[in-house]
Every structure is written in C-alpha cells, then in structure tokens.
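Colleague: The following file, coords-v3.txt, comprises compact mmCIF, C-alpha atoms:
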```txt
# COMPACT_ATOMS: atom_id res chain seq x y z
CA MET A 166 -3.12 -21.02 41.99
CA LYS A 167 -0.68 -23.79 41.09
CA LYS A 168 -0.26 -22.33 37.61
CA ILE A 169 0.51 -18.90 39.06
CA ILE A 170 3.16 -20.33 41.39
CA LEU A 171 4.67 -22.42 38.60
CA GLN A 172 4.73 -19.34 36.37
CA LEU A 173 6.62 -17.48 39.08
CA LEU A 174 9.11 -20.34 39.49
CA ASP A 175 9.76 -21.06 35.82
CA LYS A 176 8.76 -18.10 33.64
CA PRO A 177 8.55 -14.87 35.63
CA SER A 178 7.02 -12.15 33.50
CA SER A 179 5.22 -9.65 35.73
CA VAL A 180 6.94 -7.00 37.84
CA PHE A 181 6.23 -9.02 40.97
CA ASP A 182 7.66 -12.18 39.43
CA LYS A 183 10.85 -10.37 38.48
CA PHE A 184 11.08 -8.88 41.96
CA ILE A 185 10.97 -12.39 43.42
CA THR A 186 13.68 -13.49 40.99
CA VAL A 187 15.94 -10.60 42.02
CA PHE A 188 15.16 -11.32 45.69
CA LEU A 189 16.18 -14.97 45.35
CA LEU A 190 19.30 -13.90 43.49
CA SER A 191 20.16 -11.55 46.36
CA LEU A 192 19.79 -14.41 48.83
CA VAL A 193 22.37 -16.43 46.91
CA TYR A 194 24.83 -13.55 47.14
CA ILE A 195 24.13 -13.03 50.82
CA SER A 196 24.79 -16.72 51.40
CA ILE A 197 28.13 -16.47 49.58
CA PHE A 198 29.00 -13.32 51.52
CA LEU A 199 28.31 -15.03 54.84
CA LEU A 200 30.45 -17.96 53.80
CA VAL A 201 33.34 -15.63 52.93
CA ILE A 202 33.08 -13.94 56.34
CA GLU A 203 32.99 -17.29 58.15
CA VAL A 204 36.10 -18.54 56.39
CA ARG A 205 38.19 -15.37 56.15
CA TYR A 206 37.14 -13.69 59.38
CA PRO A 207 36.18 -16.44 61.86
CA ASP A 208 36.47 -14.09 64.86
CA LEU A 209 33.92 -11.72 63.37
CA ALA A 210 31.63 -14.61 62.50
CA SER A 211 31.93 -15.92 66.06
CA THR A 212 31.07 -12.51 67.53
CA TYR A 213 27.88 -12.27 65.49
CA GLN A 214 27.17 -15.98 65.44
CA THR A 215 23.49 -15.59 66.32
CA ILE A 216 22.89 -13.17 63.46
CA PHE A 217 24.76 -15.41 61.03
CA PHE A 218 22.72 -18.43 62.08
CA LEU A 219 19.47 -16.50 61.82
CA VAL A 220 20.18 -15.18 58.32
CA GLU A 221 21.40 -18.58 57.11
CA TYR A 222 18.30 -20.31 58.45
CA ILE A 223 16.03 -17.72 56.82
CA ILE A 224 17.76 -18.26 53.47
CA LEU A 225 17.59 -22.01 53.93
CA GLY A 226 13.91 -21.76 54.82
CA ILE A 227 13.08 -19.71 51.71
CA PHE A 228 14.90 -22.13 49.42
CA THR A 229 13.16 -25.03 51.15
CA ILE A 230 9.75 -23.40 50.63
CA GLU A 231 10.62 -22.98 46.95
CA ILE A 232 11.30 -26.71 46.68
CA ILE A 233 8.06 -27.53 48.51
CA PHE A 234 6.12 -25.34 46.08
CA ARG A 235 7.85 -27.14 43.25
CA ILE A 236 6.84 -30.53 44.64
CA ILE A 237 3.22 -29.44 45.11
CA CYS A 238 2.65 -27.43 41.93
CA ASP A 239 4.86 -28.90 39.23
CA PRO A 240 3.29 -31.86 37.40
CA ASN A 241 6.74 -32.66 35.99
CA ARG A 242 8.41 -32.55 39.40
CA HIS A 243 10.12 -35.91 38.90
CA GLN A 244 11.78 -34.78 35.68
CA TYR A 245 12.77 -31.47 37.24
CA PHE A 246 14.57 -33.04 40.20
CA LYS A 247 16.45 -35.27 37.78
CA SER A 248 17.63 -32.21 35.84
CA PHE A 249 20.85 -30.31 36.54
CA TYR A 250 19.17 -27.35 38.25
CA GLY A 251 16.87 -29.63 40.21
CA ILE A 252 19.85 -31.51 41.61
CA VAL A 253 21.56 -28.20 42.44
CA ASP A 254 18.46 -27.06 44.34
CA LEU A 255 18.41 -30.25 46.39
CA ILE A 256 22.14 -30.21 47.13
CA ALA A 257 21.91 -26.56 48.21
CA VAL A 258 19.15 -27.31 50.74
CA ILE A 259 19.43 -30.88 52.07
CA PRO A 260 22.85 -30.51 53.80
CA GLY A 261 21.60 -27.41 55.61
CA LEU A 262 18.49 -29.24 56.79
CA LEU A 263 20.61 -32.14 58.00
CA ALA A 264 22.83 -29.71 59.91
CA ILE A 265 19.75 -28.42 61.77
CA PHE A 266 18.84 -31.89 63.01
CA PHE A 267 22.46 -32.92 63.50
CA PRO A 268 24.26 -29.80 64.82
CA ALA A 269 27.61 -31.60 64.82
CA LEU A 270 27.54 -31.47 61.03
CA ASP A 271 27.30 -27.69 60.92
CA HIS A 272 30.45 -25.80 59.88
CA THR A 273 32.06 -28.99 58.63
CA ALA A 274 33.92 -28.75 55.35
CA TRP A 275 31.41 -30.77 53.35
CA VAL A 276 28.46 -28.62 54.46
CA ARG A 277 30.36 -25.51 53.37
CA ILE A 278 31.12 -27.10 50.02
CA PHE A 279 27.43 -27.75 49.44
CA ARG A 280 26.63 -24.18 50.46
CA ILE A 281 29.06 -23.03 47.79
CA ILE A 282 27.02 -24.92 45.19
CA ARG A 283 24.22 -22.41 45.74
CA PHE A 284 26.03 -19.96 43.52
CA VAL A 285 25.15 -22.17 40.51
CA ARG A 286 21.55 -21.08 41.12
CA ILE A 287 22.62 -17.70 39.77
CA LEU A 288 22.53 -19.07 36.23
CA LYS A 289 19.15 -20.65 36.82
CA LEU A 290 17.59 -17.47 38.20
CA LEU A 291 19.03 -15.26 35.47
CA SER A 292 17.73 -17.56 32.75
CA TYR A 293 14.19 -16.60 33.79
CA GLY A 294 12.97 -13.78 31.63
CA GLU A 295 14.47 -10.34 31.25
CA THR A 296 14.99 -8.10 34.22
CA MET A 297 16.94 -5.58 32.17
CA GLY A 298 17.45 -4.91 28.52
CA GLY A 299 20.08 -4.71 25.83
CA ILE A 300 23.70 -5.62 26.41
CA THR A 301 23.27 -5.33 30.18
CA GLN A 302 20.69 -8.12 30.21
CA ALA A 303 22.91 -10.27 28.02
CA LEU A 304 25.87 -9.75 30.37
CA MET A 305 24.01 -10.27 33.64
CA PRO A 306 24.47 -14.07 33.82
CA TYR A 307 28.20 -13.67 33.21
CA PHE A 308 28.46 -10.85 35.75
CA CYS A 309 26.68 -12.78 38.46
CA PHE A 310 28.43 -16.07 37.81
CA ALA A 311 31.89 -14.48 37.68
CA LEU A 312 31.35 -12.35 40.80
CA GLY A 313 29.85 -15.31 42.65
CA PHE A 314 32.84 -17.42 41.66
CA LYS A 315 35.16 -14.65 42.81
CA GLY A 316 33.37 -14.57 46.15
CA ILE A 317 34.14 -18.25 46.59
CA MET A 318 37.77 -17.65 45.62
CA VAL A 319 38.03 -14.93 48.27
CA ALA A 320 36.80 -17.48 50.80
CA VAL A 321 39.57 -19.95 49.94
CA GLU A 322 42.39 -17.47 49.28
CA GLY A 323 43.17 -17.20 52.97
CA GLN A 324 43.39 -20.93 53.53
CA PRO A 325 46.87 -22.36 54.21
CA TRP A 326 46.47 -24.99 51.51
CA TRP A 327 45.71 -22.43 48.78
CA PRO A 328 48.83 -21.89 46.61
CA GLU A 329 50.23 -18.40 46.29
CA ILE A 330 50.39 -17.48 42.62
CA GLY A 331 52.42 -14.50 41.55
CA ASN A 332 54.51 -12.97 38.75
CA LEU A 333 51.69 -13.24 36.22
CA ASN A 334 51.32 -9.52 35.57
CA VAL A 335 53.36 -9.55 32.38
CA VAL A 336 51.61 -12.65 31.02
CA LEU A 337 48.16 -11.29 31.83
CA GLY A 338 49.07 -7.95 30.27
CA VAL A 339 50.29 -9.52 27.02
CA VAL A 340 47.29 -11.83 26.72
CA GLY A 341 44.88 -8.99 27.53
CA PHE A 342 46.50 -6.77 24.90
CA SER A 343 46.30 -9.58 22.33
CA LEU A 344 42.62 -10.11 23.12
CA ALA A 345 41.96 -6.41 22.69
CA ILE A 346 43.61 -6.47 19.25
CA LEU A 347 41.63 -9.55 18.18
CA LEU A 348 38.31 -8.13 19.33
CA GLY A 349 39.05 -4.66 17.97
CA THR A 350 40.01 -6.00 14.55
CA LYS A 351 36.92 -8.14 14.34
CA LEU A 352 34.74 -5.22 15.44
CA GLN A 353 36.17 -3.05 12.68
CA VAL A 354 35.56 -5.74 10.04
CA ILE A 355 31.99 -6.43 11.14
CA ASN A 356 31.16 -2.75 11.47
CA SER A 357 32.37 -2.15 7.91
CA ARG A 358 30.30 -5.11 6.75
CA LEU A 359 27.19 -3.66 8.39
CA TYR A 360 27.59 -0.39 6.50
CA SER A 361 28.29 -2.31 3.29
CA ILE A 362 24.95 -4.08 3.64
CA GLU A 363 23.13 -0.79 4.15
CA ASP A 364 24.90 0.65 1.09
CA ALA A 365 23.83 -2.38 -0.94
CA VAL A 366 20.20 -1.83 0.12
CA CYS A 367 20.39 1.80 -1.01
CA ARG A 368 21.86 0.83 -4.39
CA ILE A 369 19.20 -1.85 -4.91
CA VAL A 370 16.43 0.65 -4.21
CA GLY A 371 18.06 3.14 -6.56
CA SER A 372 18.22 0.54 -9.32
CA MET A 373 14.56 -0.36 -8.84
CA ARG A 374 13.59 3.29 -9.17
CA ASP A 375 15.40 3.44 -12.51
CA MET A 376 13.73 0.22 -13.67
CA GLN A 377 10.31 1.72 -13.00
CA GLU A 378 10.71 3.87 -16.09
CA ASN A 379 9.48 0.78 -17.92
CA VAL A 380 5.79 0.55 -16.98
CA GLN A 381 5.63 -3.16 -17.85
CA ILE A 382 8.15 -4.06 -15.17
CA ILE A 383 6.51 -2.15 -12.28
CA PRO A 384 4.21 -5.02 -11.11
CA HIS A 385 7.16 -7.41 -11.07
CA ILE A 386 9.34 -4.93 -9.18
CA LYS A 387 6.53 -4.34 -6.70
CA HIS A 388 6.14 -8.05 -5.97
CA TRP A 389 9.88 -8.71 -5.86
CA ALA A 390 10.66 -5.80 -3.52
CA LYS A 391 8.01 -6.95 -1.08
CA GLU A 392 9.41 -10.48 -1.14
CA LEU A 393 12.92 -9.15 -0.56
CA GLU A 394 11.85 -7.22 2.52
CA SER A 395 10.07 -10.29 3.89
CA ALA A 396 13.09 -12.51 3.24
CA LEU A 397 15.54 -10.14 4.91
CA THR A 398 13.40 -9.60 8.01
CA PHE A 399 12.39 -13.25 8.40
CA ASN A 400 13.56 -14.92 11.61
CA GLY A 401 13.22 -18.64 12.03
CA ASP A 402 14.70 -22.03 11.34
CA GLU A 403 13.50 -21.85 7.74
CA LYS A 404 15.68 -18.83 6.97
CA ALA A 405 17.85 -20.78 4.52
CA GLU A 406 14.79 -21.98 2.61
CA VAL A 407 13.36 -18.46 2.48
CA VAL A 408 16.63 -17.14 1.06
CA ARG A 409 16.73 -19.96 -1.49
CA LYS A 410 13.25 -19.04 -2.72
CA MET A 411 14.28 -15.39 -2.86
CA ARG A 412 17.18 -16.31 -5.13
CA LEU A 413 14.73 -18.09 -7.43
CA ASN A 414 12.48 -15.02 -7.43
CA THR A 415 15.50 -12.91 -8.34
CA ASP A 416 16.30 -15.22 -11.26
CA GLN A 417 12.72 -14.84 -12.49
CA LEU A 418 12.96 -11.06 -12.19
CA GLU A 419 16.23 -11.10 -14.12
CA GLN A 420 14.58 -13.09 -16.88
CA LYS A 421 11.73 -10.58 -17.04
CA LEU A 422 14.19 -7.69 -17.20
CA GLU A 423 15.93 -9.33 -20.15
CA GLU A 424 12.59 -9.79 -21.91
CA GLU A 425 11.87 -6.10 -21.48
CA GLY A 426 15.31 -5.14 -22.73
CA ILE A 427 16.46 -3.72 -19.42
CA GLY A 428 20.16 -4.30 -18.87
CA GLY A 429 23.50 -2.60 -18.66
CA PRO A 430 25.88 -1.77 -15.80
CA ASN A 431 23.05 -0.62 -13.54
CA THR A 432 21.31 -3.98 -13.76
CA ALA A 433 24.58 -5.86 -13.31
CA GLY A 434 25.26 -3.92 -10.12
CA PHE A 435 21.70 -4.61 -9.00
CA HIS A 436 22.14 -8.38 -9.30
CA ARG A 437 25.52 -8.24 -7.58
CA ASP A 438 24.10 -6.30 -4.62
CA VAL A 439 21.14 -8.65 -4.29
CA ALA A 440 23.43 -11.69 -4.32
CA TYR A 441 25.64 -10.07 -1.66
CA LEU A 442 22.64 -9.17 0.50
CA LEU A 443 21.18 -12.67 0.41
CA HIS A 444 24.57 -14.21 1.09
CA ARG A 445 25.16 -11.99 4.12
CA SER A 446 21.75 -12.88 5.55
CA LEU A 447 23.03 -16.43 6.12
CA ALA A 448 26.81 -16.04 6.40
CA ARG A 449 28.50 -16.18 9.80
CA THR A 450 32.03 -16.00 11.15
CA PRO A 451 33.61 -19.50 11.14
CA GLN A 452 32.58 -21.35 14.30
CA ALA A 453 36.16 -22.41 15.05
CA TYR A 454 37.18 -18.75 15.37
CA GLU A 455 34.20 -17.99 17.61
CA ASN A 456 34.91 -20.97 19.85
CA PHE A 457 38.59 -20.08 20.13
CA LEU A 458 37.85 -16.47 21.04
CA LYS A 459 35.23 -17.49 23.59
CA THR A 460 37.56 -20.06 25.16
CA VAL A 461 40.42 -17.57 25.44
CA ILE A 462 38.19 -14.93 27.05
CA CYS A 463 36.75 -17.41 29.57
CA THR A 464 40.19 -18.80 30.40
CA TYR A 465 41.71 -15.34 30.78
CA THR A 466 38.88 -14.21 33.06
CA SER A 467 39.14 -17.39 35.15
CA VAL A 468 42.88 -16.89 35.62
CA VAL A 469 42.32 -13.30 36.76
CA ILE A 470 39.63 -14.45 39.19
CA ALA A 471 41.96 -17.08 40.62
CA THR A 472 45.12 -14.98 40.82
CA VAL A 473 44.08 -11.40 41.62
CA PRO A 474 43.19 -11.44 45.32
CA GLY A 475 40.71 -9.57 47.47
CA LEU A 476 38.80 -6.44 46.53
CA THR A 477 41.13 -5.77 43.61
CA GLY A 478 40.07 -9.11 42.18
CA PHE A 479 36.40 -8.11 42.38
CA PHE A 480 37.04 -4.89 40.45
CA ALA A 481 39.20 -6.71 37.91
CA THR A 482 36.52 -9.37 37.43
CA PHE A 483 33.81 -6.77 36.95
CA LEU A 484 35.83 -4.82 34.38
CA LEU A 485 36.89 -7.93 32.48
CA VAL A 486 33.36 -9.25 32.16
CA TYR A 487 32.02 -5.84 31.19
CA VAL A 488 34.72 -4.98 28.65
CA LEU A 489 35.73 -8.33 27.15
CA GLY A 490 32.39 -10.07 27.62
CA GLY A 491 30.40 -7.06 26.46
CA LEU A 492 32.61 -6.57 23.43
CA PHE A 493 32.35 -10.24 22.50
CA LEU A 494 28.55 -10.27 22.78
CA LEU A 495 28.29 -7.01 20.87
CA ILE A 496 30.47 -8.32 18.05
CA ASP A 497 28.61 -11.62 18.01
CA ASP A 498 25.33 -9.74 17.64
CA MET A 499 26.73 -7.48 14.92
CA ASP A 500 27.85 -10.61 13.07
CA LYS A 501 24.13 -11.23 12.48
CA PRO A 502 23.20 -7.84 10.98
CA LEU A 503 20.06 -9.16 9.31
CA ASP A 504 18.67 -10.73 12.47
CA PHE A 505 15.60 -8.74 13.49
CA GLY A 506 14.56 -10.92 16.44
CA LYS A 507 13.51 -9.41 19.76
CA ASN A 508 16.88 -10.30 21.32
CA SER A 509 18.89 -8.64 18.57
CA LEU A 510 20.83 -5.59 19.73
CA ILE A 511 22.09 -4.14 16.44
CA SER A 512 20.58 -4.66 13.00
CA VAL A 513 20.96 -2.99 9.63
CA ARG A 514 18.56 -0.23 8.67
CA LEU A 515 16.27 -1.24 5.84
CA ASP A 516 14.50 2.13 5.75
CA PRO A 517 15.08 2.79 2.01
CA LEU A 518 13.56 -0.57 1.07
CA ILE A 519 10.67 -0.23 3.52
CA GLN A 520 9.85 3.27 2.31
CA PHE A 521 10.06 2.11 -1.30
CA ASN A 522 7.54 -0.66 -0.62
CA ASP A 523 5.26 1.69 1.32
CA LYS A 524 5.23 4.08 -1.62
CA LEU A 525 4.32 1.28 -4.03
CA LYS A 526 1.33 0.36 -1.87
CA LYS A 527 -0.22 3.78 -2.35
```
Could you render the structure from this file as structure tokens?

Modeller:
Amino acid sequence: MKKIILQLLDKPSSVFDKFITVFLLSLVYISIFLLVIEVRYPDLASTYQTIFFLVEYIILGIFTIEIIFRIICDPNRHQYFKSFYGIVDLIAVIPGLLAIFFPALDHTAWVRIFRIIRFVRILKLLSYGETMGGITQALMPYFCFALGFKGIMVAVEGQPWWPEIGNLNVVLGVVGFSLAILLGTKLQVINSRLYSIEDAVCRIVGSMRDMQENVQIIPHIKHWAKELESALTFNGDEKAEVVRKMRLNTDQLEQKLEEEGIGGPNTAGFHRDVAYLLHRSLARTPQAYENFLKTVICTYTSVVIATVPGLTGFFATFLLVYVLGGLFLLIDDMDKPLDFGKNSLISVRLDPLIQFNDKLKK
C-alpha cells in the first residue's frame, strides 16, 4: 500500500494517478483565486466569508494529508523535506495550520505571502508524468506557472503601494516584433536543415543502390547500412562514441570501395553526405544563442505579466506563452532532428534507409 501511495505522489502513471495530479493542481489555482478575491474584492470576500473559510480549510486539509502520507510512506522523507519542493510543501501548509490554532494570525500579510508560495507547487505537480502529449504537454508547466504568477500580480495590482507602470506599449511592441523576427529566422534555417538531412539520406541510399552492381561489395554495404541506421536512431549519453565508431566504419567501407575500384563523383558525393549526416547528428545551435533567446523571452513575458493589468493581462500572458514559448520549444526540438527519443516532437524521416535495410534482409 505504501508503494502505491508513493507512486501516486512521485510518479503518477495510471489514469487515476493523473486525475489526482490534475485535482491537486486545480486546488492550487482555487487557492490563488481565493487570495485574489480577498485582496481585490474584500467586500465580496467578507460577504461569503464562511464559504471562503470552508474552501480554504478543505484545501489546507488535503495538502496536509498529502504531507502526512509522505511522512508515513516515503523512506526518504528526511531528504525530501530538505529538498526545494519539500520545503515549499511545508511552507504552504504550516502557516495555515498555525492560523487555525491562533486565529489572530489569519489574514495577516505574512500568512498571505506563504499562501502565495503554493503556486510553486504547480511546477512540482506538472513534473509528474504526462497528462497530455506533444507541444501542449511541453508547454503546460510554463502555462500554469505564468498564469499562476499573473494571478498573484492581479492580487497586488490594486494595492496602494504597487507602482503604476505605463507607456510601455511601444517598447513591448518593438521587442515583441524583434523576437518574432529572431524566432522566425531560426525556424526557417532549422526547417531547411531538416529537409537537407532527409535529402542526404535519399542520396546515400541512391549511391548504395548503384554500388550494389558490384556483387563483392554487397555484404559490406549491407553491414554498413545497418550500422548507419543504428547510429542515427541511437539515443543516449554514448551518442558521440557511437558516431565516432560509425565514422571509422565509413573509413573502412571507403577503403573497401577503393579496393574494388568503385569511385568517381557518385562515391565522392556519398562520402560527403555521410559526413554531413553524422555531423548533424551531434551538432547543436551555440548554447550562448539559446540562453540569450530564452532569457529574452522569459524577461519579455515577465514584463507583460507585471505591466498589463487585469483580464487583459491574463489573455496576453496566455498568448505569449503559447506563441513565443511554443515556438521556442518547437524550434529547440527541431534543432535535434536526429533525436528519436519518446519526448521528441519532430524528427527526420529515415524511411528510404529503413526500407533499404529491410529489403537487404530478405
């Protein structure tokens, strides 16, 4: 039973586990929503005070039960509560429990601050398994974190101490346009590269078909083509070593081709395409460029969250995360065209090579 509960808490995989994860995520948003109402509309919160208290205590009780289960079932409970998310869980619950036993503490500023910390649980909950797929799943943590952060901003926007920031429309427009150009240009380059890789695969297969006219070379081609497919589809930390061995195998094949008198422009193009293919399987966009682009997108989104008020800010946040965040993740995935892992969204098609190898097996 303890293992089942721990599985639910740490690695939800079944439909029920994912339902619980979504349910806990919903509680975090409800808690943020209640906080926004209390701060922005105190009269409304006072009118429905009993309902607000009841919902808050239910949420607090569920989070407390989760911690109790963690204490009972997790053999590494001490390490967990020393971790970042463990500390967040405790901070999100303990002040609320203290407010129950010491009512004078309730609705004080520090208790509200600790309630705000609950929104960090969004990242924890969304790191558990996949509740969706594709680009939507990849964007979900950013969606939830950004919208949760915006909910907190809505709560403080109406406070007298919050500065009024205006006249940023032109700046935001220029920066947004520049980001669109940067992302669009990179998308075009990477998309062209993806098709170039597929073209190289087709040319390599075509060259191997021509080489098969020499019966002596067929066994070597058969072995080499199989190794090439394995090297290109390999996913793991040893990718660089696999590619290095494939380069050595290619050198051996080249030597065999020379021994059999097979050469000319077709063979030269074959070696060039193979070298390009193996290079692209490891090459990545410079990390400095990636970090700069990521920093600019995060900063731009944060500024919009902080400066665009109310419901308009929610819509702007949603669109920014979906468009800029989605485009960035899509481009980042396309920058690894020969990554065939389960989390890969877009990969090159190796159908010509796969079909060639399947035919040789017969």

Colleague: Pick out the closest residue to Gly478 (chain A) from this set: A:Phe228, A:Phe314, A:Phe181, A:Tyr250. Count all atoms listed in the file.

Modeller: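 Closest residue, counting all atoms listed in the file: A:Phe314.
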
Colleague: Could you pull the residues within 6 Å of Thr398 (chain A), counting all atoms listed in the file, minus those fewer than 2 positions along the same chain, as a PyMOL selection string?

Modeller: chain A and resi 395-396+505

Colleague: Quick one: pull the distance between CA of Val407 (chain A) and CA of Val366 (chain A), Å, one decimal.

Modeller: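 Value for the CA of Val407 (chain A)-CA of Val366 (chain A) distance: 18.1 Å.
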
Colleague: Could you give me, as a PyMOL selection string, the residues within 12 Å of region 447-455 of chain A, counting all atoms listed in the file and dropping anything in the same chain fewer than 5 positions from it?

Modeller: chain A and resi 347-348+351-352+354-355+358+396-409+440-442+460-462+493-494+496-504

Colleague: Expressed in Å to a single decimal, how great is the separation between CA of Phe521 (chain A) and CA of Val370 (chain A)?

Modeller: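 Separating CA of Phe521 (chain A) from CA of Val370 (chain A) is a distance of 7.2 Å.
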
Colleague: Would you compute the distance between CA of Ser357 (chain A) and CA of Ala390 (chain A)? Give it in Å to one decimal.

Modeller: 24.8 Å

Colleague: Report, as lines of an AutoDock Vina configuration file, the axis-aligned box around all atoms of region 436-445 of chain A present in the file, extended by 3 Å on each side; give centre and edge lengths in Å to one decimal place.

Modeller:
```
center_x = 23.4
center_y = -10.3
center_z = -2.6
size_x = 10.5
size_y = 13.9
size_z = 19.4
```

Colleague: Please determine, counting all atoms listed in the file, which residue among A:Ile300, A:Leu393, A:Asp375, A:Ser343 has the shortest atom-to-atom distance to Leu510 (chain A).

Modeller: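 For Leu510 (chain A), the nearest of the given residues is A:Ile300.
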
Colleague: Which of these, A:Lys247, A:Lys391, A:Lys315, A:His385, has the shortest distance to Phe479 (chain A) once you count all atoms listed in the file?

Modeller: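 The shortest atom-to-atom distance to Phe479 (chain A) comes from A:Lys315.
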
Colleague: Would you mind listing what lies within 12 Å of Ala471 (chain A) as a PDB file with C-alpha atoms, in the coordinates of the input, with all atoms listed in the file counted and same-chain residues fewer than 4 positions away left out?

Modeller:
```pdb
ATOM      1  CA  ALA A 311      31.890 -14.480  37.680  1.00  0.00           C
ATOM      2  CA  LEU A 312      31.350 -12.350  40.800  1.00  0.00           C
ATOM      3  CA  PHE A 314      32.840 -17.420  41.660  1.00  0.00           C
ATOM      4  CA  LYS A 315      35.160 -14.650  42.810  1.00  0.00           C
ATOM      5  CA  GLY A 316      33.370 -14.570  46.150  1.00  0.00           C
ATOM      6  CA  ILE A 317      34.140 -18.250  46.590  1.00  0.00           C
ATOM      7  CA  MET A 318      37.770 -17.650  45.620  1.00  0.00           C
ATOM      8  CA  VAL A 319      38.030 -14.930  48.270  1.00  0.00           C
ATOM      9  CA  ALA A 320      36.800 -17.480  50.800  1.00  0.00           C
ATOM     10  CA  VAL A 321      39.570 -19.950  49.940  1.00  0.00           C
ATOM     11  CA  GLU A 322      42.390 -17.470  49.280  1.00  0.00           C
ATOM     12  CA  TRP A 327      45.710 -22.430  48.780  1.00  0.00           C
ATOM     13  CA  PRO A 328      48.830 -21.890  46.610  1.00  0.00           C
ATOM     14  CA  GLU A 329      50.230 -18.400  46.290  1.00  0.00           C
ATOM     15  CA  ILE A 330      50.390 -17.480  42.620  1.00  0.00           C
ATOM     16  CA  GLY A 331      52.420 -14.500  41.550  1.00  0.00           C
ATOM     17  CA  LEU A 333      51.690 -13.240  36.220  1.00  0.00           C
ATOM     18  CA  THR A 464      40.190 -18.800  30.400  1.00  0.00           C
ATOM     19  CA  TYR A 465      41.710 -15.340  30.780  1.00  0.00           C
ATOM     20  CA  THR A 466      38.880 -14.210  33.060  1.00  0.00           C
ATOM     21  CA  SER A 467      39.140 -17.390  35.150  1.00  0.00           C
ATOM     22  CA  GLY A 475      40.710  -9.570  47.470  1.00  0.00           C
ATOM     23  CA  THR A 477      41.130  -5.770  43.610  1.00  0.00           C
ATOM     24  CA  GLY A 478      40.070  -9.110  42.180  1.00  0.00           C
ATOM     25  CA  PHE A 479      36.400  -8.110  42.380  1.00  0.00           C
ATOM     26  CA  ALA A 481      39.200  -6.710  37.910  1.00  0.00           C
ATOM     27  CA  THR A 482      36.520  -9.370  37.430  1.00  0.00           C
TER      28      THR A 482
END
```

Colleague: Near Thr229 (chain A), counting all atoms listed in the file, which residues have an atom at most 9 Å away, once you skip same-chain residues fewer than 6 positions from it, shown as a list in words?

Modeller: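 Skipping anything fewer than 6 positions along the chain leaves Asp254, Leu255, Val258, Ile259 and Leu262 of chain A.
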
Colleague: Would you mind exporting C-alpha atoms of the selected residues as a compact mmCIF listing (two decimals), in the coordinates of the input?

Modeller:
```
# COMPACT_ATOMS: atom_id res chain seq x y z
CA ASP A 254 18.46 -27.06 44.34
CA LEU A 255 18.41 -30.25 46.39
CA VAL A 258 19.15 -27.31 50.74
CA ILE A 259 19.43 -30.88 52.07
CA LEU A 262 18.49 -29.24 56.79
```

Colleague: Set the distance at 12 Å and use only C-alpha atoms: which residues neighbour Leu525 (chain A) once local chain neighbours fewer than 4 positions away are removed? I'd like the list as a ChimeraX atom specification.

Modeller: /A:373-374,377,383-391,518-521

Colleague: Pick out the closest residue to Leu304 (chain A) from this set: A:Val486, A:Ala345, A:Ile382, A:Leu413. Count all atoms listed in the file.

Modeller: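 Ranking A:Val486, A:Ala345, A:Ile382, A:Leu413 by distance to Leu304 (chain A), first place goes to A:Val486.
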